[in-house]
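Enquirer: Here you go, this is final_24.cif (mmCIF, C-alpha atoms and all ligand atoms).
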```cif
data_query
#
loop_
_atom_site.label_atom_id
_atom_site.label_comp_id
_atom_site.auth_asym_id
_atom_site.auth_seq_id
_atom_site.Cartn_x
_atom_site.Cartn_y
_atom_site.Cartn_z
CA MET A 15 -14.59 1.33 23.53
CA THR A 16 -13.29 4.87 23.38
CA MET A 17 -13.07 6.76 20.14
CA ARG A 18 -9.49 7.90 19.57
CA ARG A 19 -7.92 10.39 17.24
CA ALA A 20 -5.17 8.65 15.35
CA ILE A 21 -2.76 9.74 12.66
CA GLY A 22 -1.52 7.25 10.07
CA LEU A 23 1.76 7.70 8.18
CA MET A 24 2.57 5.84 5.00
CA SER A 25 5.60 5.93 2.75
CA GLY A 26 4.87 3.43 0.02
CA THR A 27 6.91 1.46 -2.47
CA SER A 28 6.61 4.27 -5.07
CA LEU A 29 8.97 6.39 -2.94
CA ASP A 30 6.99 9.53 -3.74
CA GLY A 31 6.50 10.97 -0.27
CA VAL A 32 4.85 10.66 3.13
CA ASP A 33 1.05 10.42 3.28
CA VAL A 34 -0.58 11.66 6.48
CA ALA A 35 -4.20 11.09 7.54
CA LEU A 36 -6.19 11.57 10.70
CA ILE A 37 -9.19 9.40 11.53
CA GLU A 38 -11.35 8.82 14.57
CA THR A 39 -11.83 5.20 15.53
CA ASP A 40 -12.17 2.85 18.48
CA GLY A 41 -10.31 0.17 16.51
CA GLU A 42 -13.57 -1.38 15.29
CA THR A 43 -15.69 1.30 13.72
CA VAL A 44 -14.43 4.35 11.88
CA ARG A 45 -16.20 7.67 12.29
CA VAL A 46 -17.57 8.63 8.90
CA GLU A 47 -19.51 11.53 7.41
CA ARG A 48 -21.76 11.74 4.40
CA SER A 49 -19.97 13.12 1.36
CA PRO A 50 -21.72 15.47 -1.10
CA ASN A 51 -22.37 12.53 -3.46
CA GLY A 52 -24.16 10.62 -0.76
CA TYR A 53 -21.49 8.09 0.25
CA LEU A 54 -19.97 7.72 3.68
CA GLU A 55 -16.31 8.68 4.00
CA PRO A 56 -13.85 8.72 6.90
CA LEU A 57 -13.84 12.00 8.77
CA GLY A 58 -10.54 13.80 9.07
CA PRO A 59 -7.90 15.88 7.32
CA THR A 60 -5.04 14.55 5.21
CA GLY A 61 -1.59 15.86 4.34
CA TYR A 62 1.41 15.03 2.19
CA ARG A 63 5.15 15.66 2.35
CA ALA A 64 6.84 14.96 -1.00
CA TYR A 65 10.36 13.60 -1.08
CA SER A 66 12.95 15.76 -2.85
CA ASP A 67 15.06 14.22 -5.63
CA ASP A 68 17.92 13.87 -3.14
CA ASP A 69 15.69 12.13 -0.58
CA ARG A 70 14.46 9.74 -3.25
CA ALA A 71 17.98 9.02 -4.46
CA LEU A 72 19.01 8.05 -0.92
CA LEU A 73 15.94 5.83 -0.53
CA ARG A 74 16.60 4.14 -3.87
CA GLN A 75 20.15 3.45 -2.80
CA ALA A 76 18.80 2.11 0.50
CA LEU A 77 16.71 -0.44 -1.42
CA ILE A 78 19.88 -1.63 -3.15
CA ASP A 79 22.04 -1.67 -0.01
CA ALA A 80 19.29 -3.55 1.83
CA GLU A 81 19.87 -6.58 -0.38
CA ALA A 82 22.88 -7.30 1.88
CA VAL A 83 20.72 -7.49 5.02
CA THR A 84 20.79 -10.94 6.63
CA GLU A 85 19.36 -10.00 10.03
CA ARG A 86 16.59 -7.44 10.55
CA SER A 87 18.55 -5.07 12.80
CA GLU A 88 21.43 -4.70 10.32
CA ARG A 89 21.82 -1.34 8.57
CA PRO A 90 24.54 -1.81 5.93
CA GLY A 91 25.65 0.88 3.44
CA CYS A 92 23.45 3.96 3.49
CA LEU A 93 20.61 2.30 5.43
CA ALA A 94 21.35 4.03 8.75
CA ALA A 95 21.40 7.44 7.03
CA ALA A 96 18.21 6.57 5.13
CA GLU A 97 16.51 5.51 8.37
CA GLU A 98 17.44 8.80 10.02
CA LEU A 99 16.03 10.65 6.99
CA VAL A 100 12.78 8.66 7.04
CA THR A 101 12.23 9.38 10.75
CA ARG A 102 13.07 13.08 10.38
CA LEU A 103 10.83 13.60 7.33
CA HIS A 104 7.92 11.81 8.98
CA ALA A 105 8.36 14.04 12.06
CA GLU A 106 8.32 17.12 9.80
CA ALA A 107 5.28 15.79 7.94
CA VAL A 108 3.35 15.44 11.23
CA GLU A 109 4.49 18.84 12.55
CA ASN A 110 3.31 20.54 9.35
CA PHE A 111 0.07 18.56 9.36
CA LEU A 112 -0.72 19.56 12.94
CA SER A 113 -0.03 23.23 12.37
CA GLU A 114 -1.97 23.30 9.06
CA ASN A 115 -4.99 21.88 10.87
CA GLY A 116 -4.76 23.92 14.06
CA LEU A 117 -3.95 20.82 16.13
CA THR A 118 -1.33 20.11 18.79
CA ALA A 119 0.33 16.90 19.94
CA ALA A 120 -2.14 16.73 22.84
CA ASP A 121 -5.02 16.34 20.36
CA ILE A 122 -3.62 13.06 19.01
CA ASP A 123 -3.88 9.75 20.87
CA VAL A 124 -1.58 7.67 18.73
CA ILE A 125 0.33 7.56 15.46
CA GLY A 126 0.58 4.49 13.19
CA PHE A 127 4.00 4.64 11.50
CA HIS A 128 4.56 2.27 8.60
CA GLY A 129 8.12 3.37 7.75
CA GLN A 130 9.78 2.53 4.44
CA THR A 131 9.97 -1.09 3.36
CA VAL A 132 13.52 -1.93 2.29
CA VAL A 133 13.42 -5.72 2.64
CA HIS A 134 10.44 -8.02 2.19
CA ARG A 135 11.31 -11.70 2.19
CA PRO A 136 8.47 -13.50 3.93
CA ASP A 137 9.96 -16.89 3.03
CA GLN A 138 12.99 -15.98 5.12
CA LYS A 139 10.74 -14.52 7.83
CA MET A 140 12.09 -11.06 7.21
CA SER A 141 10.37 -7.77 6.41
CA VAL A 142 12.19 -4.57 7.32
CA GLN A 143 10.64 -1.11 7.43
CA ILE A 144 13.17 1.59 8.22
CA GLY A 145 12.13 4.45 10.51
CA ASP A 146 12.60 4.67 14.27
CA GLY A 147 9.29 4.66 16.14
CA ARG A 148 10.84 5.54 19.48
CA ASP A 149 12.70 8.53 18.05
CA LEU A 150 9.55 9.71 16.23
CA SER A 151 7.55 9.47 19.45
CA ARG A 152 10.14 11.50 21.37
CA ARG A 153 10.38 14.16 18.68
CA LEU A 154 6.61 14.63 18.47
CA GLY A 155 5.54 13.93 22.06
CA ILE A 156 2.90 11.46 20.77
CA LYS A 157 2.60 7.67 21.19
CA VAL A 158 3.76 5.82 18.08
CA VAL A 159 3.02 2.28 16.94
CA SER A 160 5.53 1.01 14.38
CA ASP A 161 6.91 -2.29 13.09
CA LEU A 162 3.42 -3.50 12.24
CA ARG A 163 4.52 -6.37 9.99
CA HIS A 164 6.98 -8.13 12.28
CA ALA A 165 4.70 -10.11 14.59
CA ASP A 166 2.82 -11.53 11.62
CA ILE A 167 6.03 -12.55 9.83
CA GLU A 168 7.36 -14.15 13.03
CA ALA A 169 4.13 -16.11 13.36
CA GLY A 170 4.52 -17.46 9.83
CA GLY A 171 2.40 -14.91 7.94
CA GLN A 172 3.35 -12.95 4.83
CA GLY A 173 3.54 -9.68 6.80
CA ALA A 174 1.40 -8.11 4.05
CA PRO A 175 -1.10 -6.89 3.09
CA LEU A 176 -2.11 -5.18 6.34
CA VAL A 177 -4.86 -2.90 5.04
CA PRO A 178 -7.67 -5.49 4.53
CA VAL A 179 -9.06 -5.18 8.06
CA PHE A 180 -9.47 -1.45 7.43
CA HIS A 181 -11.01 -2.09 4.01
CA ARG A 182 -13.59 -4.29 5.69
CA ALA A 183 -14.38 -1.65 8.33
CA LEU A 184 -14.86 0.99 5.63
CA ALA A 185 -17.00 -1.28 3.47
CA GLN A 186 -19.21 -1.96 6.49
CA ALA A 187 -19.40 1.72 7.43
CA SER A 188 -20.36 2.58 3.85
CA GLY A 189 -23.09 -0.03 3.81
CA PHE A 190 -21.84 -2.23 0.95
CA THR A 191 -23.57 -5.58 0.99
CA GLU A 192 -22.74 -7.02 -2.44
CA SER A 193 -19.49 -8.91 -3.11
CA LEU A 194 -16.79 -6.28 -3.28
CA GLY A 195 -13.20 -6.04 -4.44
CA ILE A 196 -10.98 -3.28 -3.12
CA LEU A 197 -7.87 -2.79 -5.19
CA ASN A 198 -4.95 -0.66 -4.09
CA ILE A 199 -2.59 0.13 -6.95
CA GLY A 200 0.58 1.52 -5.45
CA GLY A 201 4.09 0.44 -6.47
CA VAL A 202 2.80 -3.08 -5.87
CA ALA A 203 -0.94 -3.84 -6.15
CA ASN A 204 -3.01 -5.60 -3.51
CA ALA A 205 -6.63 -6.71 -3.43
CA THR A 206 -9.14 -7.35 -0.67
CA LEU A 207 -12.08 -9.50 -1.72
CA ILE A 208 -15.10 -9.22 0.55
CA ALA A 209 -17.74 -11.90 -0.05
CA ARG A 210 -21.44 -11.33 0.63
CA ASP A 211 -21.13 -13.35 3.83
CA GLY A 212 -18.47 -10.88 5.06
CA ARG A 213 -15.52 -13.22 4.64
CA ILE A 214 -12.36 -11.60 3.32
CA LEU A 215 -9.51 -12.86 1.23
CA ALA A 216 -6.58 -10.57 0.59
CA PHE A 217 -3.27 -10.73 -1.23
CA ASP A 218 -0.85 -8.85 -3.43
CA THR A 219 -1.91 -9.30 -7.04
CA GLY A 220 1.44 -8.41 -8.59
CA PRO A 221 3.17 -5.26 -9.78
CA GLY A 222 1.21 -2.00 -9.57
CA ASN A 223 2.78 1.19 -10.88
CA ALA A 224 6.41 0.48 -10.00
CA LEU A 225 7.45 -1.09 -13.31
CA ILE A 226 5.59 1.56 -15.32
CA ASP A 227 7.30 4.32 -13.29
CA ASP A 228 10.74 2.73 -13.69
CA TRP A 229 10.18 2.31 -17.42
CA MET A 230 9.08 5.94 -17.88
CA ARG A 231 11.97 7.24 -15.82
CA GLU A 232 14.49 5.29 -17.88
CA ARG A 233 12.99 6.08 -21.29
CA THR A 234 11.64 9.62 -20.85
CA GLY A 235 13.00 11.01 -17.59
CA HIS A 236 9.40 11.47 -16.36
CA ALA A 237 8.40 9.99 -13.01
CA LEU A 238 5.18 8.39 -14.28
CA ASP A 239 2.96 7.78 -17.29
CA ASP A 240 0.42 10.52 -16.68
CA ASN A 241 -3.08 9.08 -17.01
CA GLY A 242 -1.54 6.21 -19.00
CA ARG A 243 -1.20 8.40 -22.11
CA THR A 244 2.02 6.74 -23.29
CA ALA A 245 0.62 3.25 -22.76
CA ALA A 246 -2.54 4.21 -24.65
CA ARG A 247 -0.41 5.03 -27.71
CA GLY A 248 1.38 1.67 -27.68
CA ARG A 249 0.50 -1.97 -28.33
CA PRO A 250 1.12 -4.63 -25.69
CA ASP A 251 3.56 -7.36 -26.71
CA GLU A 252 1.27 -10.37 -26.27
CA GLN A 253 4.06 -12.91 -26.36
CA LEU A 254 6.00 -11.16 -23.63
CA LEU A 255 2.82 -10.74 -21.58
CA ALA A 256 1.99 -14.42 -21.81
CA TRP A 257 5.51 -15.24 -20.69
CA LEU A 258 5.34 -12.79 -17.76
CA LEU A 259 2.04 -14.23 -16.58
CA VAL A 260 3.33 -17.80 -16.32
CA HIS A 261 5.45 -16.70 -13.36
CA PRO A 262 4.51 -19.05 -10.48
CA PHE A 263 3.52 -16.09 -8.28
CA PHE A 264 0.26 -15.69 -10.21
CA ALA A 265 -0.85 -19.31 -9.91
CA ARG A 266 0.05 -19.50 -6.21
CA ARG A 267 -2.92 -19.70 -3.91
CA PRO A 268 -3.32 -16.67 -1.64
CA PRO A 269 -2.46 -15.29 0.83
CA LYS A 270 0.72 -14.13 -0.85
CA SER A 271 2.80 -10.98 -0.96
CA LEU A 272 5.30 -9.53 -3.35
CA ASP A 273 8.54 -7.63 -3.03
CA ARG A 274 8.88 -4.57 -5.25
CA ASN A 275 12.04 -6.04 -6.79
CA TRP A 276 10.65 -9.39 -7.93
CA PHE A 277 9.83 -8.04 -11.36
CA SER A 278 11.78 -5.48 -13.37
CA HIS A 279 10.79 -3.05 -16.12
CA LYS A 280 13.91 -4.27 -17.93
CA LEU A 281 11.79 -7.27 -18.97
CA ALA A 282 10.27 -5.01 -21.63
CA GLY A 283 13.83 -4.61 -22.93
CA GLN A 284 13.84 -3.88 -26.62
CA LEU A 285 10.31 -2.49 -27.04
CA SER A 286 9.55 1.10 -28.02
CA THR A 287 8.67 3.48 -25.19
CA GLU A 288 4.96 3.29 -26.03
CA ASP A 289 4.79 -0.48 -26.53
CA GLY A 290 6.81 -1.05 -23.34
CA ALA A 291 4.44 1.18 -21.35
CA ALA A 292 1.46 -0.60 -22.92
CA THR A 293 2.91 -4.02 -22.09
CA LEU A 294 3.75 -3.16 -18.46
CA THR A 295 0.34 -1.53 -17.95
CA ALA A 296 -1.37 -4.60 -19.40
CA PHE A 297 0.81 -6.76 -17.15
CA THR A 298 -0.51 -4.96 -14.05
CA ALA A 299 -4.13 -5.18 -15.25
CA ARG A 300 -3.99 -8.86 -16.21
CA ALA A 301 -2.19 -9.77 -13.00
CA VAL A 302 -5.09 -8.16 -11.13
CA ALA A 303 -7.54 -10.14 -13.24
CA ARG A 304 -5.82 -13.34 -12.10
CA ALA A 305 -7.20 -12.50 -8.65
CA LEU A 306 -10.53 -13.78 -9.95
CA ASP A 307 -9.03 -17.30 -10.09
CA HIS A 308 -9.05 -17.21 -6.30
CA ALA A 309 -12.42 -15.53 -5.66
CA SER A 310 -15.17 -17.78 -4.28
CA ASP A 311 -17.71 -14.97 -4.66
CA PRO A 312 -16.36 -12.81 -7.53
CA PRO A 313 -16.83 -9.11 -6.86
CA VAL A 314 -19.67 -7.40 -8.67
CA ARG A 315 -18.03 -4.09 -7.86
CA TRP A 316 -14.39 -3.05 -7.57
CA ILE A 317 -13.21 0.06 -5.77
CA VAL A 318 -9.83 1.18 -7.04
CA ALA A 319 -7.49 3.21 -4.83
CA GLY A 320 -3.83 4.21 -4.83
CA GLY A 321 -1.99 6.24 -7.45
CA GLY A 322 -2.98 3.75 -10.15
CA ALA A 323 -6.55 5.01 -9.87
CA ARG A 324 -5.26 8.10 -11.71
CA ASN A 325 -4.09 6.07 -14.69
CA GLY A 326 -7.02 6.12 -17.13
CA GLU A 327 -5.50 3.52 -19.44
CA LEU A 328 -4.98 1.10 -16.56
CA LEU A 329 -8.59 1.64 -15.42
CA ARG A 330 -9.81 1.01 -18.96
CA GLN A 331 -7.98 -2.31 -19.08
CA LEU A 332 -9.19 -3.30 -15.61
CA ASN A 333 -12.71 -2.54 -16.70
CA TYR A 334 -12.31 -4.92 -19.62
CA HIS A 335 -10.65 -7.76 -17.69
CA LEU A 336 -12.55 -7.69 -14.40
CA ARG A 337 -15.99 -7.65 -16.03
CA ALA A 338 -17.56 -5.86 -13.08
CA GLU A 339 -18.42 -2.32 -12.10
CA ILE A 340 -15.23 -0.35 -11.49
CA THR A 341 -15.32 2.78 -9.36
CA THR A 342 -12.44 4.86 -8.09
CA ALA A 343 -12.28 5.31 -4.33
CA ASP A 344 -12.60 9.07 -4.81
CA ALA A 345 -15.86 8.63 -6.72
CA ILE A 346 -17.51 7.11 -3.63
CA GLY A 347 -16.03 9.58 -1.16
CA TRP A 348 -13.13 7.41 0.01
CA SER A 349 -9.67 8.78 -0.58
CA SER A 350 -7.65 7.08 -3.33
CA ALA A 351 -4.50 8.79 -2.15
CA PHE A 352 -4.87 8.45 1.62
CA LEU A 353 -6.60 5.12 2.15
CA GLU A 354 -3.35 3.46 3.25
CA ALA A 355 -2.42 6.27 5.64
CA GLN A 356 -5.92 6.05 7.13
CA ALA A 357 -5.43 2.30 7.43
CA PHE A 358 -2.26 2.73 9.47
CA ALA A 359 -4.09 5.09 11.85
CA TYR A 360 -6.74 2.39 12.26
CA LEU A 361 -4.15 -0.36 12.72
CA ALA A 362 -2.36 1.68 15.41
CA VAL A 363 -5.55 1.90 17.46
CA ARG A 364 -6.21 -1.81 16.98
CA SER A 365 -2.66 -2.50 18.13
CA VAL A 366 -3.08 -0.38 21.27
CA GLU A 367 -6.38 -2.16 21.98
CA GLY A 368 -4.78 -5.58 21.44
CA LEU A 369 -7.16 -6.34 18.59
CA PRO A 370 -6.03 -8.58 15.73
CA ILE A 371 -4.64 -6.88 12.65
CA THR A 372 -3.82 -9.90 10.49
CA PHE A 373 -5.77 -13.08 9.79
CA PRO A 374 -5.26 -16.46 8.12
CA SER A 375 -7.16 -15.14 5.09
CA THR A 376 -5.14 -11.92 4.75
CA THR A 377 -1.54 -12.94 5.40
CA GLY A 378 -1.72 -16.69 5.90
CA VAL A 379 -0.82 -16.39 9.57
CA ARG A 380 -2.02 -19.46 11.51
CA GLU A 381 -4.44 -17.53 13.70
CA ALA A 382 -5.57 -13.93 13.89
CA ILE A 383 -2.99 -11.84 15.75
CA SER A 384 -2.29 -8.28 16.74
CA GLY A 385 1.05 -6.62 16.09
CA GLY A 386 3.04 -3.40 16.24
CA VAL A 387 5.50 -2.00 18.75
CA LEU A 388 4.34 0.86 20.97
CA ALA A 389 6.70 3.70 21.87
CA ARG A 390 5.78 6.45 24.32
CA PRO A 391 7.46 9.87 24.34
CA GLU A 392 8.83 9.20 27.84
CA ASP A 393 10.40 5.85 26.87
N1 LIG B 401 -1.76 11.12 -12.83
C1 LIG B 401 -1.24 9.89 -12.75
N2 LIG B 401 -1.19 9.09 -13.84
C2 LIG B 401 -0.66 7.87 -13.81
N3 LIG B 401 -0.14 7.32 -12.70
C3 LIG B 401 -0.16 8.05 -11.57
C4 LIG B 401 -0.72 9.36 -11.53
N4 LIG B 401 -0.60 9.81 -10.26
C5 LIG B 401 0.00 8.85 -9.55
N5 LIG B 401 0.27 7.79 -10.32
C6 LIG B 401 0.98 6.57 -9.95
O1 LIG B 401 0.77 6.31 -8.59
C7 LIG B 401 2.02 6.11 -7.92
C8 LIG B 401 1.89 6.49 -6.48
O2 LIG B 401 0.90 5.66 -5.92
P1 LIG B 401 0.73 5.44 -4.38
O3 LIG B 401 1.02 6.72 -3.69
O4 LIG B 401 -0.56 4.78 -4.18
O5 LIG B 401 1.89 4.41 -4.13
P2 LIG B 401 2.56 3.96 -2.78
O6 LIG B 401 1.67 4.24 -1.63
O7 LIG B 401 3.92 4.54 -2.77
O8 LIG B 401 2.73 2.42 -3.03
P3 LIG B 401 2.31 1.09 -2.20
O9 LIG B 401 0.82 1.06 -2.11
O10 LIG B 401 2.86 0.03 -3.08
O11 LIG B 401 2.97 1.13 -0.90
C9 LIG B 401 3.02 6.93 -8.72
O12 LIG B 401 4.30 6.45 -8.56
C10 LIG B 401 2.46 6.75 -10.14
O13 LIG B 401 2.94 5.57 -10.70
C1 LIG B 402 6.09 -5.23 2.32
C2 LIG B 402 5.32 -4.02 1.92
O1 LIG B 402 5.63 -2.91 2.31
N1 LIG B 402 4.25 -4.25 1.14
C3 LIG B 402 3.37 -3.18 0.69
C4 LIG B 402 3.48 -3.02 -0.82
O2 LIG B 402 2.64 -1.95 -1.27
C5 LIG B 402 1.37 -2.52 -1.63
C6 LIG B 402 1.51 -3.96 -1.29
O3 LIG B 402 2.92 -4.14 -1.44
C7 LIG B 402 1.14 -4.27 0.17
O4 LIG B 402 1.33 -5.64 0.41
C8 LIG B 402 1.99 -3.52 1.19
O5 LIG B 402 1.42 -2.34 1.63
C9 LIG B 402 0.10 -2.19 2.08
C10 LIG B 402 -0.03 -0.89 2.77
C11 LIG B 402 -0.40 -3.31 3.02
O6 LIG B 402 0.37 -3.90 3.75
O7 LIG B 402 -1.61 -3.51 3.05
#
```
Using structure tokens, write down the structure that the file contains.

Expert:
Amino acid sequence: MTMRRAIGLMSGTSLDGVDVALIETDGETVRVERSPNGYLEPLGPTGYRAYSDDDRALLRQALIDAEAVTERSERPGCLAAAEELVTRLHAEAVENFLSENGLTAADIDVIGFHGQTVVHRPDQKMSVQIGDGRDLSRRLGIKVVSDLRHADIEAGGQGAPLVPVFHRALAQASGFTESLGILNIGGVANATLIARDGRILAFDTGPGNALIDDWMRERTGHALDDNGRTAARGRPDEQLLAWLLVHPFFARRPPKSLDRNWFSHKLAGQLSTEDGAATLTAFTARAVARALDHASDPPVRWIVAGGGARNGELLRQLNYHLRAEITTADAIGWSSAFLEAQAFAYLAVRSVEGLPITFPSTTGVREAISGGVLARPED
């Protein structure tokens, strides 16, 4: 199969900005290069377009207004305006990325466009990512694959997580042979478990950084708990933690996925800022540890990616609870920050090639299926 140059675009549940990454892939293998520390990493530049406070405020409102959505094409309240913003900012992000890297539209075969999740209710067969793939394709003059969760949801899957097939490709390219866990800690956290026989099991483990961010914003006005410093000064409320962890989500057998809004930082209610941060950080770590309940071949090594990999206190707790070697993605030459954007580039090429992107063991879909909607500039 032909190697293609693909750009992936991700705007995650943390609402921080648009991640951009270029990779070369034929939809099976990913072109990699050897990093200075000896590991193999995907080849290709990355870029980022941060949201302004006003952008973020509109997106936050969109999450609230989206609660009224009963049919996936509906755009109540500010959703239409938010969708226009998402498309425009992604177009700007790609334009800047191309010019920063001396590339033109003609250099890119396809873009994988995740959009912004505003509704995720797999039980109601609904997952909505705002962002108009056709408009993005016209603006940029590049083919765009969007709506990558819909086919899976329609076929009875969870519609998430989508990145495991990319995790597996990277693990293979990097030559890992032992049982491996790949943990992405974004707003929500998701894990891909790769057994020694190559079988994968993937699911959302629970909250990632979202509750910690919301807590910090409310208590201190800061967007995040930098390196987990506030949490490190507090003491987790064990009683509250025990109560949080009896939520049926954690006992449910995977595959399973979580909506950002299923848990709230308000659960930490009356605690001090430090103890609340410590409790919510411990909640994320112990929810991840529950993943081991479902592992047939428990990972001997975990690779941690996503913004949570920059939270030292969270990593310390994961180290304690997972009882395995914990490495950040950056430490092995993968990109903690851009792994998801790279994954959407990979998924776009798989979609164009008609290759499956979701599997019974990653989303619970009955059989492996492809997905995504292709838009061409001339459409
Ligand atoms: N220095 C840091 N210290 C602590 N936490 C950090 C730091 N840097 C980033 N984070 C956390 O990482 C988050 C961003 O992570 P990331 O970009 O992986 O999320 P996302 O892609 O939006 O989410 P998702 O994977 O759920 O779609 C921030 O909101 C913050 O909570
Ligand atoms: C519905 C939705 O957008 N889910 C996100 C979210 O953020 C992390 C986790 O929850 C994961 O399931 C998913 O994103 C990644 C990219 C995925 O689908 O693999």

Enquirer: Please compute the CA of Ala309 (chain A)-CA of Leu215 (chain A) distance, one decimal, in Å.

Expert: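 Separating CA of Ala309 (chain A) from CA of Leu215 (chain A) is a distance of 7.9 Å.
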
Enquirer: Any idea what the distance is between CA of Arg390 (chain A) and CA of Ala355 (chain A)?

Expert: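 It comes out at 20.4 Å.
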
Enquirer: Using only C-alpha atoms, find the one residue out of A:Gly58, A:Pro391, A:Gly189, A:Pro50 that sits nearest to Arg152 (chain A).

Expert: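 For Arg152 (chain A), the nearest of the given residues is A:Pro391.
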
Enquirer: Taking a cut-off of 6 Å and counting only C-alpha atoms and all ligand atoms, can you build a table that, for each residue of chain A near ligand LIG 401 (chain B), reports the nearest atom pair and how far apart they are in Å (one decimal), sorted by chain then residue number, as JSON lines?

Expert:
```
{"residue": "A:Ser25", "atom": "CA", "partner": "B:LIG401", "partner_atom": "O7", "distance": 5.9}
{"residue": "A:Gly26", "atom": "CA", "partner": "B:LIG401", "partner_atom": "O11", "distance": 3.1}
{"residue": "A:Thr27", "atom": "CA", "partner": "B:LIG401", "partner_atom": "O11", "distance": 4.3}
{"residue": "A:Ser28", "atom": "CA", "partner": "B:LIG401", "partner_atom": "O7", "distance": 3.5}
{"residue": "A:Leu29", "atom": "CA", "partner": "B:LIG401", "partner_atom": "O7", "distance": 5.4}
{"residue": "A:Asp30", "atom": "CA", "partner": "B:LIG401", "partner_atom": "O7", "distance": 5.9}
{"residue": "A:Ile199", "atom": "CA", "partner": "B:LIG401", "partner_atom": "O4", "distance": 5.8}
{"residue": "A:Gly200", "atom": "CA", "partner": "B:LIG401", "partner_atom": "O8", "distance": 3.4}
{"residue": "A:Gly201", "atom": "CA", "partner": "B:LIG401", "partner_atom": "O10", "distance": 3.6}
{"residue": "A:Val202", "atom": "CA", "partner": "B:LIG401", "partner_atom": "O10", "distance": 4.2}
{"residue": "A:Asn223", "atom": "CA", "partner": "B:LIG401", "partner_atom": "O13", "distance": 4.4}
{"residue": "A:Asp227", "atom": "CA", "partner": "B:LIG401", "partner_atom": "O13", "distance": 5.2}
{"residue": "A:Leu238", "atom": "CA", "partner": "B:LIG401", "partner_atom": "O13", "distance": 5.1}
{"residue": "A:Asp239", "atom": "CA", "partner": "B:LIG401", "partner_atom": "C2", "distance": 5.0}
{"residue": "A:Asp240", "atom": "CA", "partner": "B:LIG401", "partner_atom": "N2", "distance": 3.6}
{"residue": "A:Asn241", "atom": "CA", "partner": "B:LIG401", "partner_atom": "N2", "distance": 3.7}
{"residue": "A:Gly242", "atom": "CA", "partner": "B:LIG401", "partner_atom": "C2", "distance": 5.5}
{"residue": "A:Gly320", "atom": "CA", "partner": "B:LIG401", "partner_atom": "O4", "distance": 3.4}
{"residue": "A:Gly321", "atom": "CA", "partner": "B:LIG401", "partner_atom": "O1", "distance": 3.0}
{"residue": "A:Gly322", "atom": "CA", "partner": "B:LIG401", "partner_atom": "O1", "distance": 4.8}
{"residue": "A:Arg324", "atom": "CA", "partner": "B:LIG401", "partner_atom": "C1", "distance": 4.5}
{"residue": "A:Asn325", "atom": "CA", "partner": "B:LIG401", "partner_atom": "C2", "distance": 4.0}
{"residue": "A:Ala351", "atom": "CA", "partner": "B:LIG401", "partner_atom": "O4", "distance": 6.0}
```

Enquirer: Per residue of chain A within 8 Å of ligand LIG 402 (chain B), note the shortest atom pair and the distance in Å to one decimal, counting only C-alpha atoms and all ligand atoms, and order the rows by chain and increasing residue number, as CSV.

Expert:
```
residue,atom,partner,partner_atom,distance
A:Met24,CA,B:LIG402,C10,7.6
A:Gly26,CA,B:LIG402,O2,6.0
A:Thr27,CA,B:LIG402,O2,5.6
A:Gln130,CA,B:LIG402,O1,7.2
A:Thr131,CA,B:LIG402,O1,4.8
A:Val132,CA,B:LIG402,O1,8.0
A:Val133,CA,B:LIG402,C1,7.4
A:His134,CA,B:LIG402,C1,5.2
A:Ser141,CA,B:LIG402,C1,6.4
A:Val142,CA,B:LIG402,C1,7.9
A:Gln143,CA,B:LIG402,O1,7.4
A:Arg163,CA,B:LIG402,O6,7.9
A:Gly173,CA,B:LIG402,C1,6.8
A:Ala174,CA,B:LIG402,O6,4.3
A:Pro175,CA,B:LIG402,O6,3.4
A:Leu176,CA,B:LIG402,O7,3.7
A:Val177,CA,B:LIG402,O7,3.9
A:Pro178,CA,B:LIG402,O7,6.5
A:Asn198,CA,B:LIG402,C5,7.0
A:Ile199,CA,B:LIG402,C5,7.1
A:Gly200,CA,B:LIG402,C5,5.6
A:Gly201,CA,B:LIG402,O2,5.9
A:Val202,CA,B:LIG402,C5,4.5
A:Ala203,CA,B:LIG402,C5,5.2
A:Asn204,CA,B:LIG402,C6,5.3
A:Phe217,CA,B:LIG402,O4,7.1
A:Asp218,CA,B:LIG402,O4,5.5
A:Gly222,CA,B:LIG402,C5,8.0
A:Ser271,CA,B:LIG402,O4,5.7
A:Leu272,CA,B:LIG402,O3,6.2
A:Asp273,CA,B:LIG402,C1,6.4
A:Arg274,CA,B:LIG402,O3,7.1
A:Glu354,CA,B:LIG402,C10,5.5
A:Ala357,CA,B:LIG402,C10,7.8
A:Phe358,CA,B:LIG402,C10,7.9
```

Enquirer: Tell me which protein, DNA and RNA residues are within 8 Å of region 101-115 of chain A, counting only C-alpha atoms, leaving out same-chain ones fewer than 2 positions away, and put them as a ChimeraX atom specification.

Expert: /A:23,32,34,59-63,97-99,117-119,129,145-147,149-150,153-154

Enquirer: Between A:Asn51, A:Thr298, A:Asn333, A:Thr219, which one has atoms that come closest to Leu255 (chain A), using all atoms listed in the file?

Expert: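 Between A:Asn51, A:Thr298, A:Asn333, A:Thr219, the residue approaching Leu255 (chain A) most closely is A:Thr298.
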
Enquirer: So what do you get for CA of His164 (chain A) versus CA of Arg86 (chain A), distance-wise?

Expert: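 About the pair CA of His164 (chain A) and CA of Arg86 (chain A): they are 9.8 Å apart.
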
Enquirer: From the options A:Asp79, A:Asp251, A:Trp348, A:Ile125, which residue's atoms come nearest to Glu47 (chain A), counting only C-alpha atoms?

Expert: A:Trp348

Enquirer: Around all of region 227-231 of chain A's listed atoms, make the axis-aligned box with 3 Å on each side and tell me centre and edge lengths in Å to one decimal, as JSON.

Expert:
```
{"center_x": 9.6, "center_y": 4.8, "center_z": -15.6, "size_x": 10.7, "size_y": 10.9, "size_z": 10.6}
```
